[in-house]
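Undergrad: Could you have a look at this structure, given as structure tokens, before my questions?
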Amino acid sequence: MSQTAPAISPLSAGLRCKCPSCGKGPLFIHALNMRERCSACGLDYKFVDTGDGPAIFAIFILGFLSMGVAMIAEFKFGVPWWVHVIILALVMPLIAVLLLRFLKATLIALQFKNKAEEGRLLRD
């Protein structure tokens, strides 16, 4: 990570799923597959190590949303069981992919901005 701090905000880079350095090149190839480097500025994405962070955040956010929607649909509107299946089994996975893209891109941008690296005892 020899680049300087980004001129764009990490939230902006996360929302648009763009390079954390220049804000122009796309970060993902398909839905969640990372590119090897930025097509605009050439930033190498080898420094990226978000781990399970995006998945954990997404689980908590989607769990809260899905249970809230299911309870409101059941207790306020009394919908049949098949509506729950449509809402929870078809809509939530789509929301999960979009949320994971945003969270992963945002954590990558924050990692780049704060120059977060693996801890070491001695400098190389």
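If you're wondering about the labels, chains in the structure tokens are A, B, ... by order shown, residues count from 1 in each chain, ligands from 1 in order shown.
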Applying 9 Å and only C-alpha atoms, which residues near Gly53 of chain A remain after dropping the ones on its own chain fewer than 2 positions away? List them as a list in words.
TA: Thr50, Gly51, Ala55, Ile56, Phe57, Ala58, Leu103, Lys104 and Leu107 of chain A
Undergrad: If you run DSSP on the backbone here, which positions in chain A get alpha helix (DSSP H)? Please write them as a PyMOL selection string.
TA: chain A and resi 10-16+53-71+81-85+92-113
Undergrad: Ranking A:Lys46, A:Arg120, A:Lys113, A:His84 by minimum distance to Ser21 of chain A and counting only C-alpha atoms, which one comes first?
TA: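 Ranking A:Lys46, A:Arg120, A:Lys113, A:His84 by distance to Ser21 of chain A, first place goes to A:Lys113.
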Undergrad: Which of these residues is nearest to Ala96 of chain A, using only C-alpha atoms: A:Ile108, A:Met67, A:Ile59, A:Cys17?
TA: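 Using only C-alpha atoms, Ala96 of chain A sits closest to A:Ile59.
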Undergrad: Have a look at A:Tyr45, A:Leu99, A:Gly78, A:Ile8 and name the one nearest to Leu62 of chain A; count only C-alpha atoms.
TA: A:Leu99
Undergrad: Quick one: of A:Ile72, A:Leu43, A:Pro20, A:Pro54, who's nearest to Phe102 of chain A, counting only C-alpha atoms?
TA: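 Ranking A:Ile72, A:Leu43, A:Pro20, A:Pro54 by distance to Phe102 of chain A, first place goes to A:Pro54.
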Undergrad: Which residue gives the smallest distance to Leu110 of chain A among A:Val48, A:Leu32, A:Val97, A:Ala73, with only C-alpha atoms counted?
TA: A:Val48
Undergrad: Within 9 Å of Ala109 of chain A, counting only C-alpha atoms, which residues show up once you throw out same-chain ones fewer than 2 positions away? Write them as number ranges by chain, please.
TA: A: 6, 9-11, 13-14, 18-21, 104-107, 111-114
Undergrad: Next, dump the selected residues to file, keeping only C-alpha atoms, as a short mmCIF file (atom, residue, chain, number, x, y, z; two decimals), in the first residue's frame.
TA:
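Final output, out.cif:
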```cif
data_model
loop_
_atom_site.label_atom_id
_atom_site.label_comp_id
_atom_site.auth_asym_id
_atom_site.auth_seq_id
_atom_site.Cartn_x
_atom_site.Cartn_y
_atom_site.Cartn_z
CA PRO A 6 -7.62 8.70 -1.01
CA SER A 9 -14.41 9.40 1.08
CA PRO A 10 -14.58 5.70 2.03
CA LEU A 11 -18.37 5.92 2.16
CA ALA A 13 -16.16 4.57 -2.65
CA GLY A 14 -18.22 1.95 -0.81
CA LYS A 18 -15.15 1.88 -6.91
CA CYS A 19 -11.40 1.95 -6.31
CA PRO A 20 -10.53 3.46 -2.91
CA SER A 21 -7.60 5.37 -4.42
CA LYS A 104 -17.04 -5.13 1.46
CA ALA A 105 -16.25 -2.07 -0.67
CA THR A 106 -16.59 0.24 2.34
CA LEU A 107 -14.31 -1.88 4.52
CA GLN A 111 -8.58 -0.24 5.16
CA PHE A 112 -6.91 1.71 2.36
CA LYS A 113 -7.53 5.13 3.92
CA ASN A 114 -6.25 4.12 7.36
#
```
Undergrad: Each residue of segment 43-77 of chain A lying at most 9 Å from segment 85-91 of chain A should get a row with its shortest atom-to-atom pair and the distance in Å to one decimal, counting only C-alpha atoms; could you produce that, ordered by chain and increasing number, as a Markdown table?
TA:
```
| residue | atom | partner | partner_atom | distance |
| --- | --- | --- | --- | --- |
| A:Ser66 | CA | A:Leu88 | CA | 6.7 |
| A:Val69 | CA | A:Ile87 | CA | 8.4 |
| A:Ala70 | CA | A:Leu88 | CA | 7.9 |
```
Undergrad: Write the residues of the preceding selection, restricted to C-alpha atoms, as a PDB file, in the first residue's frame.
TA:
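Wrote again.pdb, looks like this:
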```pdb
ATOM      1  CA  SER A  66     -35.918  -9.945   8.089  1.00  0.00           C
ATOM      2  CA  VAL A  69     -40.457  -7.529   8.252  1.00  0.00           C
ATOM      3  CA  ALA A  70     -41.701 -11.024   9.167  1.00  0.00           C
TER       4      ALA A  70
END
```
Undergrad: Report, in Å with one decimal, the straight-line distance from atom CA of Leu100 of chain A to atom CA of Pro80 of chain A.
TA: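 Separation between atom CA of Leu100 of chain A and atom CA of Pro80 of chain A: 29.6 Å.
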Undergrad: Restricting the calculation to only C-alpha atoms, which member of A:Pro26, A:Phe75, A:Asp44, A:Ala31 is positioned closest to Leu94 of chain A?
TA: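 Smallest separation from Leu94 of chain A among the options: A:Ala31.
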Undergrad: Write out as a PDB file with N, CA and C atoms, in the first residue's frame the set of residues from chain A that DSSP, computed on the backbone, places in strand (DSSP E or B).
TA:
```
ATOM      1  N   LYS A  18     -16.247   1.451  -6.055  1.00  0.00           N
ATOM      2  CA  LYS A  18     -15.145   1.881  -6.914  1.00  0.00           C
ATOM      3  C   LYS A  18     -13.825   1.788  -6.169  1.00  0.00           C
ATOM      4  N   PRO A  26     -13.776   0.078 -11.318  1.00  0.00           N
ATOM      5  CA  PRO A  26     -14.667  -0.804 -10.554  1.00  0.00           C
ATOM      6  C   PRO A  26     -13.863  -1.727  -9.647  1.00  0.00           C
ATOM      7  N   PHE A  28     -15.195  -4.682  -8.248  1.00  0.00           N
ATOM      8  CA  PHE A  28     -15.608  -6.077  -8.404  1.00  0.00           C
ATOM      9  C   PHE A  28     -15.735  -6.445  -9.877  1.00  0.00           C
ATOM     10  N   MET A  34     -13.436  -9.954  -6.438  1.00  0.00           N
ATOM     11  CA  MET A  34     -12.520  -8.811  -6.483  1.00  0.00           C
ATOM     12  C   MET A  34     -11.674  -8.844  -7.753  1.00  0.00           C
ATOM     13  N   ARG A  37      -6.421  -5.622  -9.776  1.00  0.00           N
ATOM     14  CA  ARG A  37      -5.926  -4.245  -9.703  1.00  0.00           C
ATOM     15  C   ARG A  37      -6.945  -3.305 -10.321  1.00  0.00           C
ATOM     16  N   ASP A  44      -2.820  -2.027  -6.883  1.00  0.00           N
ATOM     17  CA  ASP A  44      -2.859  -3.470  -6.675  1.00  0.00           C
ATOM     18  C   ASP A  44      -3.697  -3.756  -5.438  1.00  0.00           C
TER      19      ASP A  44
END
```
Undergrad: Interatomic distance between atom CA of Lys115 of chain A and atom CA of Phe60 of chain A?
TA: 26.5 Å
